[in-house]
Amino acid sequence: MRFKLLPDPPETIDVVADAQRAVPLVPGSEDDCCARLMRRLDFPSRDIARTWLTFLRALELASETPSGFVRESTEPTPEHLRAAFRGRVYGAREVLAALDTDAPRSVETVFDEFEDRVPVWETHRAAEDWRDVWRERVERILEWAVLLDLAAERDGGYVRAEDL
């Protein structure tokens, strides 16, 4: 399964481990988990905390059980985060593939290549502004890719990280 929700990237990758530690070891409700994330990481809203909880599931650092959400014992190593990000965040593989060129790519150029991969139902759900929503999502994927050392910013655009 691939997840679409992606929070704004933090200043450092350490925030991912902090967020994981905020998820309980004993299953808790979504409301309880969001309250813990808000309290421990100073997230300003429940929506942001819920997005982080979903993102932690994408990264295989938390899971949803019949009893609620629970922290996984997986260590958030850079290697694990990169692999989970590529494999479980919707659009990450495609956005990274768009960087397989010699020249830096702008968000707009990457979005133009990605646009046909936006699910049709998403274009109907936000009919008037779906392109803006998904352009922002592509930009967020690129920013996370930089944070995870999968990409780099260069000359006003993005390039694939050379050592990966």
# chains A, B, ... in the order shown; residues from 1 in each chain; ligands from 1
>>> residues_around(residues="Ala97 (chain A)", least_positions_apart="3", cutoff="10 Å", atoms="only C-alpha atoms", output="count of residues only")
10
>>> residues_around(residues="region 63-67 of chain A", least_positions_apart="6", cutoff="7 Å", atoms="only C-alpha atoms", output="ChimeraX atom specification")
/A:27-28,57
>>> closest_residue(among="A:Val26, A:Arg88, A:Glu108, A:Asp31", to="Arg71 (chain A)", atoms="only C-alpha atoms")
A:Val26
>>> residues_around(residues="Leu5 (chain A)", least_positions_apart="2", cutoff="7 Å", atoms="only C-alpha atoms", output="short mmCIF file (atom, residue, chain, number, x, y, z; two decimals) with C-alpha atoms, in the first residue's frame")
data_model
loop_
_atom_site.label_atom_id
_atom_site.label_comp_id
_atom_site.auth_asym_id
_atom_site.auth_seq_id
_atom_site.Cartn_x
_atom_site.Cartn_y
_atom_site.Cartn_z
CA PHE A 3 0.20 6.54 1.27
CA PRO A 7 3.69 16.46 6.11
CA THR A 51 -0.84 13.65 8.67
CA THR A 54 -0.26 8.53 8.50
CA PHE A 55 3.26 9.34 7.32
#
>>> select_by_dssp(residues="chain A", states="alpha helix (DSSP H)", output="VMD selection string")
chain A and resid 14 to 22 30 to 41 46 to 58 78 to 88 92 to 97 107 to 114 120 to 125 130 to 147
>>> select_by_dssp(residues="region 5-142 of chain A", states="strand (DSSP E)", output="PyMOL selection string")
chain A and resi 62-65+68-71
>>> write_last_selection(atoms="C-alpha atoms", output="mmCIF file, in the first residue's frame")
data_model
loop_
_atom_site.group_PDB
_atom_site.id
_atom_site.type_symbol
_atom_site.label_atom_id
_atom_site.label_comp_id
_atom_site.auth_asym_id
_atom_site.auth_seq_id
_atom_site.Cartn_x
_atom_site.Cartn_y
_atom_site.Cartn_z
ATOM 1 C CA ALA A 62 3.753 2.984 13.272
ATOM 2 C CA SER A 63 0.846 0.764 12.381
ATOM 3 C CA GLU A 64 -2.894 0.665 12.778
ATOM 4 C CA THR A 65 -4.269 -2.359 14.587
ATOM 5 C CA GLY A 68 -5.630 1.462 17.610
ATOM 6 C CA PHE A 69 -2.296 2.888 16.547
ATOM 7 C CA VAL A 70 0.956 1.519 17.880
ATOM 8 C CA ARG A 71 4.648 2.302 17.536
#
>>> residues_around(residues="Leu6 (chain A)", least_positions_apart="6", cutoff="12 Å", atoms="only C-alpha atoms", output="PyMOL selection string")
chain A and resi 47-59+85+88-92+134+136-145
>>> write_last_selection(atoms="C-alpha atoms", output="JSON list (two decimals), in the first residue's frame")
[["chain", "number", "residue", "atom", "x", "y", "z"],
["A", 47, "ASP", "CA", -4.74, 17.72, 11.09],
["A", 48, "ILE", "CA", -0.96, 18.10, 11.10],
["A", 49, "ALA", "CA", -0.64, 15.43, 13.78],
["A", 50, "ARG", "CA", -2.94, 13.09, 11.80],
["A", 51, "THR", "CA", -0.84, 13.65, 8.67],
["A", 52, "TRP", "CA", 2.29, 12.76, 10.64],
["A", 53, "LEU", "CA", 0.62, 9.64, 12.03],
["A", 54, "THR", "CA", -0.26, 8.53, 8.50],
["A", 55, "PHE", "CA", 3.26, 9.34, 7.32],
["A", 56, "LEU", "CA", 4.73, 7.26, 10.16],
["A", 57, "ARG", "CA", 2.60, 4.37, 8.91],
["A", 58, "ALA", "CA", 3.99, 4.92, 5.41],
["A", 59, "LEU", "CA", 7.51, 4.78, 6.82],
["A", 85, "PHE", "CA", 9.76, 6.59, 1.41],
["A", 88, "ARG", "CA", 5.35, 3.46, 0.34],
["A", 89, "VAL", "CA", 4.77, 7.17, -0.38],
["A", 90, "TYR", "CA", 2.51, 7.66, -3.37],
["A", 91, "GLY", "CA", 4.41, 9.41, -6.14],
["A", 92, "ALA", "CA", 7.89, 9.17, -4.60],
["A", 134, "TRP", "CA", -0.87, 17.90, -6.55],
["A", 136, "GLU", "CA", 2.25, 21.16, -3.88],
["A", 137, "ARG", "CA", 2.37, 17.42, -3.15],
["A", 138, "VAL", "CA", 5.10, 16.92, -5.77],
["A", 139, "GLU", "CA", 7.06, 19.80, -4.27],
["A", 140, "ARG", "CA", 6.72, 18.25, -0.82],
["A", 141, "ILE", "CA", 7.96, 14.90, -2.18],
["A", 142, "LEU", "CA", 10.99, 16.69, -3.62],
["A", 143, "GLU", "CA", 11.68, 18.47, -0.33],
["A", 144, "TRP", "CA", 11.48, 15.19, 1.59],
["A", 145, "ALA", "CA", 13.76, 13.58, -1.02]]
>>> atom_distance(atom1="CA of Asp132 (chain A)", atom2="CA of Val107 (chain A)")
11.7 Å
>>> closest_residue(among="A:Ser29, A:Ser73, A:Arg86, A:Leu41", to="Arg2 (chain A)", atoms="only C-alpha atoms")
A:Arg86
>>> residues_around(residues="Arg21 (chain A)", least_positions_apart="3", cutoff="10 Å", atoms="only C-alpha atoms", output="ChimeraX atom specification")
/A:15-18,24-25,36-37,40,61-62,71-73
>>> atom_distance(atom1="CA of Leu96 (chain A)", atom2="CA of Ala152 (chain A)")
10.9 Å
>>> closest_residue(among="A:Trp130, A:Thr123, A:Asp14, A:Ala103", to="Glu153 (chain A)", atoms="only C-alpha atoms")
A:Ala103
